[in-house]
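Everything below concerns the one structure shown next.
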Amino acid sequence: MTKSKNLNTQQFRSWIEEKGAICRVEKVRLQCVIDIDHIEPGNFAALYAVPAPPGLHIIELAEYFPSEAAAWEALQDDSSPAHPAAPVLEWIKEQYLTDKSARVERLLIESH
């Protein structure tokens with residue numbers, strides 16, 4: 001990982017593809033789909049990177065998808081719910097999609 005204040009699109013693409021994502025350049029954004037079987041078995045996450053001042057921002061779609069094709073389809077639909085854009089280095093520090101050792105513990109919340 002570079003120690004600069006920001007990554008460009010190509011640097012981010014190299015980093016996330018090393019982590020197992022599949023990326024495509026579409027218009028002005030880099031779209032990526034990640035197999036998240038280690039977090040949500042049988043599901044995929046989708047996100048895209050866009051240049052924005054002062055640097056690259058990541059927008060992660062809010063839902064997980066049952067197939068790689070469904071994730072790509074959601075990326076084409078501009079109305080897909082998404083988390084707020086985050087600066088690339090902030091997103092990298094906080095995300096767990098590419099961390100194959102990450103585990104999700106389910107909490108059962110009962111209402112009375």
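Each chain of the structure tokens is named A, B, ... in the order shown, its residues numbered from 1; ligands are numbered from 1 in display order.
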
Quick one: residues within 6 Å of stretch 81-96 of chain A, only C-alpha atoms, excluding same-chain residues fewer than 3 positions away - as a PyMOL selection string?
chain A and resi 56-62+99

Selection export as a PDB file, in the first residue's frame, atoms kept: all heavy atoms:
ATOM      1  N   LEU A  56      -9.755  10.048  -4.674  1.00  0.00           N
ATOM      2  CA  LEU A  56     -10.681   8.959  -4.973  1.00  0.00           C
ATOM      3  C   LEU A  56     -11.631   8.701  -3.805  1.00  0.00           C
ATOM      4  O   LEU A  56     -11.222   8.710  -2.642  1.00  0.00           O
ATOM      5  CB  LEU A  56      -9.846   7.703  -5.253  1.00  0.00           C
ATOM      6  CG  LEU A  56     -10.511   6.556  -5.967  1.00  0.00           C
ATOM      7  CD1 LEU A  56     -10.977   6.968  -7.356  1.00  0.00           C
ATOM      8  CD2 LEU A  56      -9.541   5.396  -6.071  1.00  0.00           C
ATOM      9  N   HIS A  57     -12.913   8.454  -4.119  1.00  0.00           N
ATOM     10  CA  HIS A  57     -13.914   8.101  -3.120  1.00  0.00           C
ATOM     11  C   HIS A  57     -14.521   6.748  -3.477  1.00  0.00           C
ATOM     12  O   HIS A  57     -14.680   6.415  -4.652  1.00  0.00           O
ATOM     13  CB  HIS A  57     -15.020   9.155  -3.045  1.00  0.00           C
ATOM     14  CG  HIS A  57     -14.621  10.351  -2.268  1.00  0.00           C
ATOM     15  ND1 HIS A  57     -13.685  11.256  -2.710  1.00  0.00           N
ATOM     16  CD2 HIS A  57     -15.016  10.776  -1.044  1.00  0.00           C
ATOM     17  CE1 HIS A  57     -13.528  12.200  -1.806  1.00  0.00           C
ATOM     18  NE2 HIS A  57     -14.314  11.934  -0.781  1.00  0.00           N
ATOM     19  N   ILE A  58     -14.892   5.994  -2.437  1.00  0.00           N
ATOM     20  CA  ILE A  58     -15.486   4.668  -2.601  1.00  0.00           C
ATOM     21  C   ILE A  58     -16.943   4.725  -2.174  1.00  0.00           C
ATOM     22  O   ILE A  58     -17.267   5.254  -1.109  1.00  0.00           O
ATOM     23  CB  ILE A  58     -14.741   3.616  -1.744  1.00  0.00           C
ATOM     24  CG1 ILE A  58     -13.238   3.646  -2.013  1.00  0.00           C
ATOM     25  CG2 ILE A  58     -15.341   2.226  -1.964  1.00  0.00           C
ATOM     26  CD1 ILE A  58     -12.830   3.393  -3.434  1.00  0.00           C
ATOM     27  N   ILE A  59     -17.813   4.170  -3.007  1.00  0.00           N
ATOM     28  CA  ILE A  59     -19.231   4.055  -2.690  1.00  0.00           C
ATOM     29  C   ILE A  59     -19.568   2.571  -2.708  1.00  0.00           C
ATOM     30  O   ILE A  59     -19.454   1.902  -3.736  1.00  0.00           O
ATOM     31  CB  ILE A  59     -20.121   4.815  -3.696  1.00  0.00           C
ATOM     32  CG1 ILE A  59     -19.841   6.324  -3.631  1.00  0.00           C
ATOM     33  CG2 ILE A  59     -21.591   4.562  -3.389  1.00  0.00           C
ATOM     34  CD1 ILE A  59     -18.857   6.815  -4.601  1.00  0.00           C
ATOM     35  N   GLU A  60     -19.948   2.068  -1.544  1.00  0.00           N
ATOM     36  CA  GLU A  60     -20.279   0.650  -1.390  1.00  0.00           C
ATOM     37  C   GLU A  60     -21.797   0.506  -1.430  1.00  0.00           C
ATOM     38  O   GLU A  60     -22.507   1.231  -0.717  1.00  0.00           O
ATOM     39  CB  GLU A  60     -19.729   0.184  -0.042  1.00  0.00           C
ATOM     40  CG  GLU A  60     -19.800  -1.273   0.207  1.00  0.00           C
ATOM     41  CD  GLU A  60     -19.174  -1.643   1.556  1.00  0.00           C
ATOM     42  OE1 GLU A  60     -18.150  -1.066   1.960  1.00  0.00           O
ATOM     43  OE2 GLU A  60     -19.751  -2.544   2.210  1.00  0.00           O
ATOM     44  N   LEU A  61     -22.311  -0.399  -2.256  1.00  0.00           N
ATOM     45  CA  LEU A  61     -23.752  -0.621  -2.286  1.00  0.00           C
ATOM     46  C   LEU A  61     -24.191  -1.213  -0.947  1.00  0.00           C
ATOM     47  O   LEU A  61     -23.462  -1.981  -0.315  1.00  0.00           O
ATOM     48  CB  LEU A  61     -24.150  -1.526  -3.443  1.00  0.00           C
ATOM     49  CG  LEU A  61     -23.843  -0.980  -4.847  1.00  0.00           C
ATOM     50  CD1 LEU A  61     -24.513  -1.850  -5.918  1.00  0.00           C
ATOM     51  CD2 LEU A  61     -24.252   0.469  -5.019  1.00  0.00           C
ATOM     52  N   ALA A  62     -25.385  -0.839  -0.509  1.00  0.00           N
ATOM     53  CA  ALA A  62     -25.862  -1.185   0.833  1.00  0.00           C
ATOM     54  C   ALA A  62     -26.294  -2.640   0.967  1.00  0.00           C
ATOM     55  O   ALA A  62     -26.360  -3.155   2.079  1.00  0.00           O
ATOM     56  CB  ALA A  62     -27.015  -0.263   1.217  1.00  0.00           C
ATOM     57  N   ASP A  99     -11.019  -8.631   3.963  1.00  0.00           N
ATOM     58  CA  ASP A  99     -10.308  -9.308   5.048  1.00  0.00           C
ATOM     59  C   ASP A  99     -10.859 -10.718   5.207  1.00  0.00           C
ATOM     60  O   ASP A  99     -11.897 -10.928   5.820  1.00  0.00           O
ATOM     61  CB  ASP A  99     -10.463  -8.517   6.347  1.00  0.00           C
ATOM     62  CG  ASP A  99      -9.721  -9.136   7.513  1.00  0.00           C
ATOM     63  OD1 ASP A  99      -9.121 -10.224   7.363  1.00  0.00           O
ATOM     64  OD2 ASP A  99      -9.745  -8.535   8.600  1.00  0.00           O
TER      65      ASP A  99
END

Picked from stretch 41-95 of chain A by DSSP as alpha helix (DSSP H), as a PyMOL selection string:
chain A and resi 68-76+88-94

Provide the atom CA of A:Gln10 to atom CA of A:Cys23 distance in Å, to one decimal place.
10.6 Å

From the DSSP assignment of the backbone, select every residue of stretch 20-96 of chain A that is strand (DSSP E), and format the answer as an MDAnalysis selection string.
chainID A and resid 22:26 29:35 44:52 55:60 86:87

Keeping only N, CA and C atoms, write the selected residues as a PDB file, in the first residue's frame.
ATOM      1  N   ILE A  22     -13.085  -8.388  -8.553  1.00  0.00           N
ATOM      2  CA  ILE A  22     -13.085  -8.302 -10.006  1.00  0.00           C
ATOM      3  C   ILE A  22     -13.556  -6.890 -10.329  1.00  0.00           C
ATOM      4  N   CYS A  23     -12.791  -6.167 -11.150  1.00  0.00           N
ATOM      5  CA  CYS A  23     -13.116  -4.770 -11.436  1.00  0.00           C
ATOM      6  C   CYS A  23     -13.267  -4.522 -12.926  1.00  0.00           C
ATOM      7  N   ARG A  24     -14.085  -3.525 -13.232  1.00  0.00           N
ATOM      8  CA  ARG A  24     -14.307  -3.081 -14.606  1.00  0.00           C
ATOM      9  C   ARG A  24     -14.371  -1.558 -14.608  1.00  0.00           C
ATOM     10  N   VAL A  25     -13.817  -0.959 -15.634  1.00  0.00           N
ATOM     11  CA  VAL A  25     -13.941   0.485 -15.796  1.00  0.00           C
ATOM     12  C   VAL A  25     -15.211   0.752 -16.585  1.00  0.00           C
ATOM     13  N   GLU A  26     -16.099   1.543 -16.014  1.00  0.00           N
ATOM     14  CA  GLU A  26     -17.363   1.906 -16.653  1.00  0.00           C
ATOM     15  C   GLU A  26     -17.494   3.421 -16.609  1.00  0.00           C
ATOM     16  N   ARG A  29     -16.145   5.702 -13.658  1.00  0.00           N
ATOM     17  CA  ARG A  29     -15.939   5.034 -12.372  1.00  0.00           C
ATOM     18  C   ARG A  29     -15.408   3.618 -12.547  1.00  0.00           C
ATOM     19  N   LEU A  30     -14.745   3.161 -11.505  1.00  0.00           N
ATOM     20  CA  LEU A  30     -14.226   1.803 -11.446  1.00  0.00           C
ATOM     21  C   LEU A  30     -15.213   1.002 -10.609  1.00  0.00           C
ATOM     22  N   GLN A  31     -15.808  -0.035 -11.198  1.00  0.00           N
ATOM     23  CA  GLN A  31     -16.780  -0.854 -10.489  1.00  0.00           C
ATOM     24  C   GLN A  31     -16.135  -2.168 -10.079  1.00  0.00           C
ATOM     25  N   CYS A  32     -16.442  -2.614  -8.867  1.00  0.00           N
ATOM     26  CA  CYS A  32     -15.826  -3.839  -8.345  1.00  0.00           C
ATOM     27  C   CYS A  32     -16.868  -4.722  -7.668  1.00  0.00           C
ATOM     28  N   VAL A  33     -16.697  -6.017  -7.836  1.00  0.00           N
ATOM     29  CA  VAL A  33     -17.532  -7.023  -7.178  1.00  0.00           C
ATOM     30  C   VAL A  33     -16.592  -7.936  -6.396  1.00  0.00           C
ATOM     31  N   ILE A  34     -16.997  -8.247  -5.161  1.00  0.00           N
ATOM     32  CA  ILE A  34     -16.163  -9.058  -4.271  1.00  0.00           C
ATOM     33  C   ILE A  34     -16.984 -10.217  -3.723  1.00  0.00           C
ATOM     34  N   ASP A  35     -16.436 -11.409  -3.799  1.00  0.00           N
ATOM     35  CA  ASP A  35     -17.043 -12.591  -3.182  1.00  0.00           C
ATOM     36  C   ASP A  35     -16.853 -12.454  -1.671  1.00  0.00           C
ATOM     37  N   PHE A  44     -22.224 -11.700  -2.638  1.00  0.00           N
ATOM     38  CA  PHE A  44     -21.238 -10.808  -3.232  1.00  0.00           C
ATOM     39  C   PHE A  44     -21.550  -9.378  -2.819  1.00  0.00           C
ATOM     40  N   ALA A  45     -20.506  -8.578  -2.668  1.00  0.00           N
ATOM     41  CA  ALA A  45     -20.648  -7.152  -2.400  1.00  0.00           C
ATOM     42  C   ALA A  45     -20.253  -6.404  -3.661  1.00  0.00           C
ATOM     43  N   ALA A  46     -20.787  -5.195  -3.802  1.00  0.00           N
ATOM     44  CA  ALA A  46     -20.483  -4.367  -4.964  1.00  0.00           C
ATOM     45  C   ALA A  46     -20.138  -2.960  -4.500  1.00  0.00           C
ATOM     46  N   LEU A  47     -19.184  -2.357  -5.187  1.00  0.00           N
ATOM     47  CA  LEU A  47     -18.779  -0.996  -4.856  1.00  0.00           C
ATOM     48  C   LEU A  47     -18.210  -0.340  -6.098  1.00  0.00           C
ATOM     49  N   TYR A  48     -18.073   0.976  -6.027  1.00  0.00           N
ATOM     50  CA  TYR A  48     -17.408   1.666  -7.122  1.00  0.00           C
ATOM     51  C   TYR A  48     -16.572   2.812  -6.586  1.00  0.00           C
ATOM     52  N   ALA A  49     -15.555   3.151  -7.351  1.00  0.00           N
ATOM     53  CA  ALA A  49     -14.630   4.222  -7.004  1.00  0.00           C
ATOM     54  C   ALA A  49     -14.793   5.343  -8.022  1.00  0.00           C
ATOM     55  N   VAL A  50     -14.852   6.573  -7.517  1.00  0.00           N
ATOM     56  CA  VAL A  50     -14.987   7.737  -8.387  1.00  0.00           C
ATOM     57  C   VAL A  50     -13.985   8.807  -7.969  1.00  0.00           C
ATOM     58  N   PRO A  51     -13.397   9.475  -8.946  1.00  0.00           N
ATOM     59  CA  PRO A  51     -12.521  10.591  -8.604  1.00  0.00           C
ATOM     60  C   PRO A  51     -13.379  11.742  -8.078  1.00  0.00           C
ATOM     61  N   ALA A  52     -12.963  12.325  -6.959  1.00  0.00           N
ATOM     62  CA  ALA A  52     -13.665  13.465  -6.369  1.00  0.00           C
ATOM     63  C   ALA A  52     -12.658  14.251  -5.542  1.00  0.00           C
ATOM     64  N   GLY A  55      -9.568  13.554  -3.737  1.00  0.00           N
ATOM     65  CA  GLY A  55      -9.031  12.296  -4.271  1.00  0.00           C
ATOM     66  C   GLY A  55     -10.134  11.289  -4.488  1.00  0.00           C
ATOM     67  N   LEU A  56      -9.755  10.048  -4.674  1.00  0.00           N
ATOM     68  CA  LEU A  56     -10.681   8.959  -4.973  1.00  0.00           C
ATOM     69  C   LEU A  56     -11.631   8.701  -3.805  1.00  0.00           C
ATOM     70  N   HIS A  57     -12.913   8.454  -4.119  1.00  0.00           N
ATOM     71  CA  HIS A  57     -13.914   8.101  -3.120  1.00  0.00           C
ATOM     72  C   HIS A  57     -14.521   6.748  -3.477  1.00  0.00           C
ATOM     73  N   ILE A  58     -14.892   5.994  -2.437  1.00  0.00           N
ATOM     74  CA  ILE A  58     -15.486   4.668  -2.601  1.00  0.00           C
ATOM     75  C   ILE A  58     -16.943   4.725  -2.174  1.00  0.00           C
ATOM     76  N   ILE A  59     -17.813   4.170  -3.007  1.00  0.00           N
ATOM     77  CA  ILE A  59     -19.231   4.055  -2.690  1.00  0.00           C
ATOM     78  C   ILE A  59     -19.568   2.571  -2.708  1.00  0.00           C
ATOM     79  N   GLU A  60     -19.948   2.068  -1.544  1.00  0.00           N
ATOM     80  CA  GLU A  60     -20.279   0.650  -1.390  1.00  0.00           C
ATOM     81  C   GLU A  60     -21.797   0.506  -1.430  1.00  0.00           C
ATOM     82  N   ALA A  86     -16.937   7.506   0.785  1.00  0.00           N
ATOM     83  CA  ALA A  86     -15.859   7.639   1.769  1.00  0.00           C
ATOM     84  C   ALA A  86     -14.542   7.820   1.029  1.00  0.00           C
ATOM     85  N   PRO A  87     -13.673   8.679   1.546  1.00  0.00           N
ATOM     86  CA  PRO A  87     -12.339   8.790   0.939  1.00  0.00           C
ATOM     87  C   PRO A  87     -11.674   7.416   0.935  1.00  0.00           C
TER      88      PRO A  87
END

Considering only C-alpha atoms, state which residue in the set A:Pro54, A:Lys27, A:Asn43, A:Asp37 is at the smallest distance from A:Asn8.
A:Pro54

Could you tell me how far atom CA of A:Thr98 sits from atom CA of A:Lys19, in Å to one decimal place?
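Atom-to-atom, atom CA of A:Lys19 and atom CA of A:Thr98 are spaced 5.7 Å apart.
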
When distances are computed from only C-alpha atoms, which of A:Val28, A:Gly20, A:Ile36, A:Pro41 shows the smallest separation from A:Ala71?
A:Ile36

Atom-to-atom span, atom CA of A:Leu75 and atom CA of A:Pro53, Å:
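Separating atom CA of A:Leu75 from atom CA of A:Pro53 is a distance of 22.2 Å.
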